[in-house]
Amino acid sequence: MKRTEIRKVNRMLTTLQSSSLLIGMSMVSLLAGCSSGGGSTTTTTTTSPSISISFSPAPPTSLQISATTSLTAVVANSSSNSDVTWAVTCGSAGACGSLSSTSTASGASTTYTAPSSVPSGSTVTVTVTSAADSSVSASATITITSRSSGGAPANLPTGTWVFSLTGVDSIASTSMAGSFYANSGTISGGEQDVSIPGGYRHVAITGGSYSVASNQNVQIALTTSDNGLGVNGTETLQAVMVSSSKALLVEFDSFAAVIGTMELQNGSPAPSGGYAFSVGGMDNNGSPVVMGGVLNVDSAGGISGNGSVFDLNDGGSHSTDESFAASTVTTPDTWGRCEFALVPSTASGVKAINFIGYIVGSQEVRLIETADNFLGGMVGTALSQGSNTGNFSSSSVSGSSYIFDAVIPTRPLAVAGLVAIGSNGSASGTLNLNDPAEQSPQSGNTYTGTYTVDSTGRATFSGLSDGNATPSFSYNVEVYFTGNGDALMISMDASDELIGEAFQQTGSFSAASFKGSYAMSAVIPKASEYTEDVGVGLLAADGVGSLTGNLALNEDTQSTASLSITGTFISGSNGVFTGTMTGLNPASPTTAAHFAYYLADSSHVIAIETDNQQVVLMDLEAQ
């Protein structure tokens with residue numbers, strides 16, 4: 001056979017072999033596909049999951065101007081680089097707020113600070129992008145609101161404002177009360193009474209000014225006729241507005257760490273009828289002293305003693321269920337200032353006590369002790385009982401529940417709790433106690449006790465005891481009801497001279513009960529006597545479980561304009577919530593502190609720290 005023919009035959013054989021192989025493979029595949037027994041053979045293509053990014057937790061849906069929040073994003077399925085980058089945009093370029101870091105690792109946080117004014121469109125968009133793949137990102141829209149969005153004005157409305165403050169100045173208790181006229185940023189006059197280590201003083205407010213500060217609080221400068229007050233005679237205060245007629249405030253200079261409230265005066269009628277009252281401070285020996293009771297102004301300028309009663313706890317020495325002899329009340333001056341000259345009965349053994357009263361209106365009078373024979377330095381409040389005067393009984397309060405808070409005027413102890421008042425003379429509830437040495441658990445200690453109510457509205461709660469839990473307590477408390485949902489209280493014990501307030505609970509409670517913008521005040525007593533921090537600011541609750549805010553803090557007379565606050569809460573059906581707050585401790589600003597939150601309703605919350613970091617008691621009032 002020729003060589004060329006041999007090559008043709010070889011090519012044909014190769015072609016036939018290839019065809020046979022393909023046919024064979026096809027038959028195998030066909031048989032495998034048709035087989036009803038044995039196993040099956042499949043071909044799987046494996047692809048790596050794509051990179052994803054998400055916020056954890058979700059950013060808040062709204063923030064007030066200048067408020068801050070922590071933002072965290074988590075990257076999944078990125079084997080090479082899990083870092084992220086952050087950006088914020090809005091309708092007002094360059095004025096959208098700021099980020100503490102524009103690059104973080106997955107799971108690490110950055111802090112966003114809202115702009116100082118509401119941007120165009122009222123929203124900002126925060127975008128987080130994967131560093132490994134710039135096409136992968138997540139965005140969130142945050143509505144920026146003004147501080148007045150809760151219904152409170154940004155600045156003081158025109159009118160006469162009555163104020164009172166109490167606290168310490170590093171060596172002793174300090175208190176002040178007074179009134180001033182505010183109009184268009186100018187304070188044109190007023191007067192005040194002051195109880196300080198140097199003694200009692202009555203001084204004129206000769207002028208001053210007020211404006212919205214950089215932290216969005218109202219900063220007030222009161223010029224007085226006494227260079228020994230404030231700094232060279234000028235007292236600097238910071239206030240956060242609760243409403244158009246009320247603000248929470250602190251002194252914000254190096255003179256004293258004092259805290260209180262101020263309210264727009266609604267006339268200054270002469271006191272008339274029954275008033276529940278409580279005052280507290282320091283006696284002439286430097287011991288804490290608290291006093292409470294009911295004053296019945298039953299004639300023009302006169303207190304006959306009928307229907308009036310008082311209790312006094314002076315450094316653990318008690319005068320209980322005492323009466324007044326005939327006493328007087330002067331006619332208010334143009335600033336609403338009057339004087340209660342109180343004469344305790346001879347049997348009480350208590351010396352004469354005089355209080356200056358600054359009238360807020362027919363329902364409230366701010367009190368401060370003036371020069372008298374008792375020689376104390378007490379400050380407090382009188383609340384009108386109105387038509388309820390002299391008409392109280394156990395049925396007036398049975399079946400109700402109240403939240404309450406209390407402090408000792410000169411020592412680091414804070415108490416907050418809930419009391420349920422039974423119809424059979426029994427009382428029970430939950431109480432949180434915190435001092436530098438011991439703290440109740442975050443959920444509080446449960447307690448039981450008994451109570452009686454007399455016709456004046458004075459109620460005695462006896463043996464409120466936690467049954468020797470840790471820490472153990474057994475309190476005897478006098479409560480003075482107004483019949484209008486408010487009450488004042490003092491303790492009558494040998495070791496704790498507590499003074500506080502109580503607020504009736506209404507409605508049911510869920511996480512949605514804690515929602516909105518709250519004016520916030522905080523008192524932080526320190527381990528040693530006569531030292532404390534005080535602050536005011538704003539806190540926003542989202543009705544789900546998160547808190548954000550800012551606090552202006554006078555830290556033992558050293559001011560910090562703005563502390564960033566974040567927090568959490570878990571609801572309780574009885575109005576007792578638990579949670580955390582971070583940022584209240586300048587020495588440890590990133591450490592979360594544990595708190596209990598006591599709700600009277602959605603508009604009023606008392607918060608108490610429950611761990612051993614600090615003693616913190618807060619008042620939150622919805623705007």
# chains A, B, ... in the order shown; residues from 1 in each chain; ligands from 1
$ residues_around --residues "stretch 348-350 of chain A" --least-positions-apart "5" --cutoff "9 Å" --atoms "only C-alpha atoms" --output "PyMOL selection string"
chain A and resi 312+319-320+322-324+343+374
$ residues_around --residues "A:Asn183" --least-positions-apart "4" --cutoff "10 Å" --atoms "only C-alpha atoms" --output "count of residues only"
9
$ residues_around --residues "stretch 87-95 of chain A" --least-positions-apart "5" --cutoff "12 Å" --atoms "only C-alpha atoms" --output "PyMOL selection string"
chain A and resi 65-66+71+100-104+110-130+137-144
$ write_last_selection --atoms "C-alpha atoms" --output "PDB file, in the first residue's frame"
ATOM      1  CA  ILE A  65     -29.441  70.064  66.257  1.00  0.00           C
ATOM      2  CA  SER A  66     -25.982  69.613  67.835  1.00  0.00           C
ATOM      3  CA  LEU A  71     -22.982  54.802  64.235  1.00  0.00           C
ATOM      4  CA  SER A 100     -15.504  61.733  64.496  1.00  0.00           C
ATOM      5  CA  SER A 101     -13.902  59.292  62.051  1.00  0.00           C
ATOM      6  CA  THR A 102     -14.556  58.769  58.345  1.00  0.00           C
ATOM      7  CA  SER A 103     -12.890  55.348  58.319  1.00  0.00           C
ATOM      8  CA  THR A 104     -13.518  52.490  60.755  1.00  0.00           C
ATOM      9  CA  THR A 110     -17.936  56.548  64.666  1.00  0.00           C
ATOM     10  CA  THR A 111     -19.753  59.448  66.314  1.00  0.00           C
ATOM     11  CA  TYR A 112     -22.007  61.656  64.225  1.00  0.00           C
ATOM     12  CA  THR A 113     -22.699  65.188  65.484  1.00  0.00           C
ATOM     13  CA  ALA A 114     -25.732  66.882  63.975  1.00  0.00           C
ATOM     14  CA  PRO A 115     -25.306  70.395  62.525  1.00  0.00           C
ATOM     15  CA  SER A 116     -25.952  73.404  64.749  1.00  0.00           C
ATOM     16  CA  SER A 117     -28.924  74.448  62.591  1.00  0.00           C
ATOM     17  CA  VAL A 118     -31.524  72.536  60.607  1.00  0.00           C
ATOM     18  CA  PRO A 119     -30.196  71.976  57.041  1.00  0.00           C
ATOM     19  CA  SER A 120     -32.153  72.576  53.851  1.00  0.00           C
ATOM     20  CA  GLY A 121     -34.707  69.797  53.499  1.00  0.00           C
ATOM     21  CA  SER A 122     -34.408  69.029  57.248  1.00  0.00           C
ATOM     22  CA  THR A 123     -32.595  65.726  56.624  1.00  0.00           C
ATOM     23  CA  VAL A 124     -29.081  64.372  56.266  1.00  0.00           C
ATOM     24  CA  THR A 125     -28.010  61.143  54.616  1.00  0.00           C
ATOM     25  CA  VAL A 126     -25.286  59.055  56.230  1.00  0.00           C
ATOM     26  CA  THR A 127     -23.594  56.638  53.833  1.00  0.00           C
ATOM     27  CA  VAL A 128     -21.198  53.818  54.736  1.00  0.00           C
ATOM     28  CA  THR A 129     -19.169  52.162  51.983  1.00  0.00           C
ATOM     29  CA  SER A 130     -17.064  49.008  51.835  1.00  0.00           C
ATOM     30  CA  SER A 137     -22.783  50.682  50.493  1.00  0.00           C
ATOM     31  CA  ALA A 138     -25.688  51.382  52.833  1.00  0.00           C
ATOM     32  CA  SER A 139     -27.444  54.671  53.568  1.00  0.00           C
ATOM     33  CA  ALA A 140     -29.721  56.049  56.273  1.00  0.00           C
ATOM     34  CA  THR A 141     -31.724  59.265  56.387  1.00  0.00           C
ATOM     35  CA  ILE A 142     -31.847  61.219  59.655  1.00  0.00           C
ATOM     36  CA  THR A 143     -34.280  64.078  60.206  1.00  0.00           C
ATOM     37  CA  ILE A 144     -32.649  67.041  61.976  1.00  0.00           C
TER      38      ILE A 144
END
$ residues_around --residues "A:Ser304" --least-positions-apart "4" --cutoff "7 Å" --atoms "only C-alpha atoms" --output "ChimeraX atom specification"
/A:298,325-327
$ closest_residue --among "A:Val294, A:Leu375, A:Tyr518, A:Ser528" --to "A:Asn550" --atoms "only C-alpha atoms"
A:Tyr518
$ select_by_dssp --residues "stretch 477-608 of chain A" --states "strand (DSSP E or B)" --output "mmCIF file with C-alpha atoms, in the first residue's frame"
data_model
loop_
_atom_site.group_PDB
_atom_site.id
_atom_site.type_symbol
_atom_site.label_atom_id
_atom_site.label_comp_id
_atom_site.auth_asym_id
_atom_site.auth_seq_id
_atom_site.Cartn_x
_atom_site.Cartn_y
_atom_site.Cartn_z
ATOM 1 C CA VAL A 477 -41.635 58.957 105.572
ATOM 2 C CA GLU A 478 -43.997 61.892 105.893
ATOM 3 C CA VAL A 479 -45.818 62.770 102.659
ATOM 4 C CA TYR A 480 -47.862 65.925 102.054
ATOM 5 C CA PHE A 481 -50.470 65.531 99.315
ATOM 6 C CA ASP A 486 -48.333 65.954 93.305
ATOM 7 C CA ALA A 487 -46.878 65.439 96.763
ATOM 8 C CA LEU A 488 -43.851 66.525 98.801
ATOM 9 C CA MET A 489 -41.996 64.287 101.233
ATOM 10 C CA ILE A 490 -39.315 64.089 103.934
ATOM 11 C CA SER A 491 -37.906 61.131 105.861
ATOM 12 C CA ILE A 499 -36.286 65.422 100.994
ATOM 13 C CA GLY A 500 -38.094 64.778 97.741
ATOM 14 C CA GLU A 501 -41.176 64.882 95.557
ATOM 15 C CA ALA A 502 -43.768 62.355 94.396
ATOM 16 C CA PHE A 503 -45.865 62.249 91.224
ATOM 17 C CA GLN A 504 -48.984 60.186 90.629
ATOM 18 C CA LYS A 515 -40.681 58.790 73.491
ATOM 19 C CA GLY A 516 -39.959 62.361 72.496
ATOM 20 C CA SER A 517 -37.841 65.274 73.613
ATOM 21 C CA TYR A 518 -37.195 65.687 77.346
ATOM 22 C CA ALA A 519 -35.666 68.565 79.272
ATOM 23 C CA MET A 520 -33.128 66.945 81.585
ATOM 24 C CA SER A 521 -31.550 67.940 84.896
ATOM 25 C CA ALA A 522 -28.998 65.871 86.788
ATOM 26 C CA VAL A 523 -27.518 66.078 90.269
ATOM 27 C CA ILE A 524 -24.397 64.008 90.946
ATOM 28 C CA PRO A 525 -23.367 64.179 94.629
ATOM 29 C CA GLU A 532 -21.447 67.634 93.654
ATOM 30 C CA ASP A 533 -21.887 68.056 89.911
ATOM 31 C CA VAL A 534 -25.072 69.498 88.433
ATOM 32 C CA GLY A 535 -26.223 69.732 84.840
ATOM 33 C CA VAL A 536 -29.055 70.462 82.431
ATOM 34 C CA GLY A 537 -29.610 69.456 78.841
ATOM 35 C CA LEU A 538 -31.847 67.609 76.474
ATOM 36 C CA LEU A 539 -32.544 63.902 76.029
ATOM 37 C CA ALA A 540 -34.407 62.286 73.129
ATOM 38 C CA ALA A 541 -36.097 58.886 73.566
ATOM 39 C CA ASP A 542 -37.167 56.945 70.478
ATOM 40 C CA SER A 546 -32.563 54.173 72.511
ATOM 41 C CA LEU A 547 -31.630 57.538 74.052
ATOM 42 C CA THR A 548 -29.431 60.390 72.795
ATOM 43 C CA GLY A 549 -28.722 63.802 74.244
ATOM 44 C CA ASN A 550 -26.360 66.467 75.540
ATOM 45 C CA LEU A 551 -25.711 67.725 79.066
ATOM 46 C CA ALA A 552 -24.117 70.992 80.199
ATOM 47 C CA LEU A 553 -22.314 70.062 83.416
ATOM 48 C CA ASN A 554 -21.023 72.214 86.256
ATOM 49 C CA GLU A 555 -18.478 69.751 87.610
ATOM 50 C CA GLN A 558 -15.794 73.618 86.694
ATOM 51 C CA SER A 559 -18.117 73.848 83.682
ATOM 52 C CA THR A 560 -18.300 71.615 80.620
ATOM 53 C CA ALA A 561 -20.562 73.058 77.933
ATOM 54 C CA SER A 562 -21.662 69.796 76.339
ATOM 55 C CA LEU A 563 -21.350 66.129 77.238
ATOM 56 C CA SER A 564 -22.635 63.689 74.615
ATOM 57 C CA ILE A 565 -25.115 61.220 76.126
ATOM 58 C CA THR A 566 -26.287 57.925 74.650
ATOM 59 C CA GLY A 567 -28.409 55.296 76.319
ATOM 60 C CA THR A 568 -30.779 52.362 76.191
ATOM 61 C CA PHE A 569 -33.941 51.285 77.970
ATOM 62 C CA ILE A 570 -36.118 48.200 78.387
ATOM 63 C CA VAL A 576 -40.215 50.895 86.030
ATOM 64 C CA PHE A 577 -37.765 50.619 83.118
ATOM 65 C CA THR A 578 -34.091 49.593 83.158
ATOM 66 C CA GLY A 579 -31.232 50.521 80.852
ATOM 67 C CA THR A 580 -27.943 52.354 80.485
ATOM 68 C CA MET A 581 -26.469 55.806 79.931
ATOM 69 C CA THR A 582 -23.032 56.565 78.564
ATOM 70 C CA ALA A 592 -21.927 52.604 80.208
ATOM 71 C CA ALA A 593 -23.654 53.191 83.556
ATOM 72 C CA HIS A 594 -26.725 51.214 84.614
ATOM 73 C CA PHE A 595 -29.969 53.066 85.326
ATOM 74 C CA ALA A 596 -33.520 52.531 86.502
ATOM 75 C CA TYR A 597 -36.176 54.785 84.942
ATOM 76 C CA TYR A 598 -39.390 55.480 86.882
ATOM 77 C CA LEU A 599 -42.243 56.809 84.728
ATOM 78 C CA ALA A 600 -45.171 58.792 86.127
ATOM 79 C CA ASP A 601 -46.488 58.957 82.573
ATOM 80 C CA HIS A 604 -42.298 62.766 83.418
ATOM 81 C CA VAL A 605 -39.480 60.334 84.179
ATOM 82 C CA ILE A 606 -37.120 59.987 87.154
ATOM 83 C CA ALA A 607 -33.806 58.223 86.459
ATOM 84 C CA ILE A 608 -31.324 56.908 89.031
#
$ closest_residue --among "A:Ser398, A:Ser508, A:Gln439, A:Ser135" --to "A:Ala459" --atoms "only C-alpha atoms"
A:Ser398
$ residues_around --residues "stretch 50-58 of chain A" --least-positions-apart "4" --cutoff "6 Å" --atoms "only C-alpha atoms" --output "PyMOL selection string"
chain A and resi 72-78
$ residues_around --residues "A:Glu191" --least-positions-apart "4" --cutoff "10 Å" --atoms "only C-alpha atoms" --output "ChimeraX atom specification"
/A:162,177-181,202-206,224-225,335-337,358
$ residues_around --residues "A:Val168" --least-positions-apart "5" --cutoff "9 Å" --atoms "only C-alpha atoms" --output "NGL selection string"
:A and (173-175 or 196 or 256-258 or 409-410 or 529-532 or 556)
$ write_last_selection --atoms "all heavy atoms" --output "mmCIF file, in the first residue's frame"
data_model
loop_
_atom_site.group_PDB
_atom_site.id
_atom_site.type_symbol
_atom_site.label_atom_id
_atom_site.label_comp_id
_atom_site.auth_asym_id
_atom_site.auth_seq_id
_atom_site.Cartn_x
_atom_site.Cartn_y
_atom_site.Cartn_z
ATOM 1 N N SER A 173 -23.722 74.056 102.266
ATOM 2 C CA SER A 173 -24.872 74.138 101.371
ATOM 3 C C SER A 173 -25.098 75.587 100.962
ATOM 4 O O SER A 173 -24.793 76.524 101.704
ATOM 5 C CB SER A 173 -26.119 73.567 102.037
ATOM 6 O OG SER A 173 -26.490 74.351 103.149
ATOM 7 N N THR A 174 -25.642 75.755 99.761
ATOM 8 C CA THR A 174 -25.915 77.073 99.203
ATOM 9 C C THR A 174 -27.293 77.047 98.561
ATOM 10 O O THR A 174 -27.624 76.097 97.856
ATOM 11 C CB THR A 174 -24.855 77.461 98.157
ATOM 12 O OG1 THR A 174 -23.598 77.606 98.802
ATOM 13 C CG2 THR A 174 -25.207 78.769 97.468
ATOM 14 N N SER A 175 -28.097 78.074 98.811
ATOM 15 C CA SER A 175 -29.434 78.141 98.247
ATOM 16 C C SER A 175 -29.738 79.568 97.838
ATOM 17 O O SER A 175 -29.210 80.532 98.409
ATOM 18 C CB SER A 175 -30.485 77.680 99.262
ATOM 19 O OG SER A 175 -30.223 76.369 99.702
ATOM 20 N N ILE A 196 -25.886 81.431 101.998
ATOM 21 C CA ILE A 196 -24.558 80.920 101.682
ATOM 22 C C ILE A 196 -23.741 80.850 102.968
ATOM 23 O O ILE A 196 -24.167 81.348 104.010
ATOM 24 C CB ILE A 196 -23.847 81.820 100.643
ATOM 25 C CG1 ILE A 196 -23.738 83.265 101.152
ATOM 26 C CG2 ILE A 196 -24.580 81.788 99.313
ATOM 27 C CD1 ILE A 196 -22.972 84.179 100.210
ATOM 28 N N ALA A 256 -20.842 78.232 92.665
ATOM 29 C CA ALA A 256 -21.522 77.148 93.374
ATOM 30 C C ALA A 256 -22.099 76.162 92.376
ATOM 31 O O ALA A 256 -22.411 76.521 91.233
ATOM 32 C CB ALA A 256 -22.634 77.696 94.267
ATOM 33 N N ALA A 257 -22.238 74.909 92.820
ATOM 34 C CA ALA A 257 -22.900 73.875 92.027
ATOM 35 C C ALA A 257 -24.306 73.716 92.580
ATOM 36 O O ALA A 257 -24.549 72.920 93.493
ATOM 37 C CB ALA A 257 -22.132 72.563 92.091
ATOM 38 N N VAL A 258 -25.236 74.514 92.057
ATOM 39 C CA VAL A 258 -26.618 74.495 92.538
ATOM 40 C C VAL A 258 -27.553 74.216 91.368
ATOM 41 O O VAL A 258 -27.258 74.539 90.219
ATOM 42 C CB VAL A 258 -26.996 75.815 93.238
ATOM 43 C CG1 VAL A 258 -26.250 75.944 94.554
ATOM 44 C CG2 VAL A 258 -26.699 77.021 92.348
ATOM 45 N N PRO A 409 -29.708 66.763 101.676
ATOM 46 C CA PRO A 409 -29.193 68.048 101.211
ATOM 47 C C PRO A 409 -27.673 68.168 101.159
ATOM 48 O O PRO A 409 -27.140 68.888 100.321
ATOM 49 C CB PRO A 409 -29.793 69.047 102.203
ATOM 50 C CG PRO A 409 -31.039 68.389 102.692
ATOM 51 C CD PRO A 409 -30.724 66.927 102.740
ATOM 52 N N THR A 410 -26.943 67.502 102.054
ATOM 53 C CA THR A 410 -25.498 67.738 102.113
ATOM 54 C C THR A 410 -24.662 66.474 101.960
ATOM 55 O O THR A 410 -23.446 66.536 102.094
ATOM 56 C CB THR A 410 -25.118 68.409 103.449
ATOM 57 O OG1 THR A 410 -25.432 67.521 104.523
ATOM 58 C CG2 THR A 410 -25.846 69.717 103.631
ATOM 59 N N GLU A 529 -18.743 65.232 101.563
ATOM 60 C CA GLU A 529 -19.812 66.192 101.747
ATOM 61 C C GLU A 529 -19.502 67.502 101.036
ATOM 62 O O GLU A 529 -18.350 67.881 100.847
ATOM 63 C CB GLU A 529 -20.021 66.463 103.241
ATOM 64 C CG GLU A 529 -20.655 65.303 103.984
ATOM 65 C CD GLU A 529 -21.012 65.679 105.406
ATOM 66 O OE1 GLU A 529 -20.297 66.511 105.995
ATOM 67 O OE2 GLU A 529 -21.995 65.146 105.909
ATOM 68 N N TYR A 530 -20.586 68.199 100.639
ATOM 69 C CA TYR A 530 -20.507 69.535 100.063
ATOM 70 C C TYR A 530 -19.790 69.577 98.721
ATOM 71 O O TYR A 530 -19.234 70.600 98.341
ATOM 72 C CB TYR A 530 -19.861 70.519 101.042
ATOM 73 C CG TYR A 530 -20.456 70.474 102.412
ATOM 74 C CD1 TYR A 530 -19.656 70.250 103.531
ATOM 75 C CD2 TYR A 530 -21.819 70.635 102.605
ATOM 76 C CE1 TYR A 530 -20.215 70.191 104.802
ATOM 77 C CE2 TYR A 530 -22.384 70.572 103.877
ATOM 78 C CZ TYR A 530 -21.575 70.349 104.957
ATOM 79 O OH TYR A 530 -22.132 70.281 106.209
ATOM 80 N N THR A 531 -19.756 68.460 97.983
ATOM 81 C CA THR A 531 -19.248 68.468 96.616
ATOM 82 C C THR A 531 -20.230 67.717 95.731
ATOM 83 O O THR A 531 -20.692 66.632 96.089
ATOM 84 C CB THR A 531 -17.857 67.814 96.504
ATOM 85 O OG1 THR A 531 -17.923 66.464 96.976
ATOM 86 C CG2 THR A 531 -16.816 68.585 97.282
ATOM 87 N N GLU A 532 -20.553 68.287 94.591
ATOM 88 C CA GLU A 532 -21.447 67.634 93.654
ATOM 89 C C GLU A 532 -21.306 68.266 92.276
ATOM 90 O O GLU A 532 -20.778 69.377 92.131
ATOM 91 C CB GLU A 532 -22.900 67.730 94.120
ATOM 92 C CG GLU A 532 -23.468 69.129 94.130
ATOM 93 C CD GLU A 532 -24.900 69.179 94.661
ATOM 94 O OE1 GLU A 532 -25.323 68.217 95.323
ATOM 95 O OE2 GLU A 532 -25.584 70.193 94.416
ATOM 96 N N ASP A 556 -18.415 70.347 89.948
ATOM 97 C CA ASP A 556 -17.819 70.910 91.153
ATOM 98 C C ASP A 556 -17.256 72.291 90.866
ATOM 99 O O ASP A 556 -16.118 72.609 91.196
ATOM 100 C CB ASP A 556 -16.739 69.977 91.710
ATOM 101 C CG ASP A 556 -16.376 70.318 93.144
ATOM 102 O OD1 ASP A 556 -17.169 71.021 93.796
ATOM 103 O OD2 ASP A 556 -15.302 69.903 93.598
#
$ atom_distance --atom1 "atom CA of A:His318" --atom2 "atom CA of A:Pro412"
21.3 Å
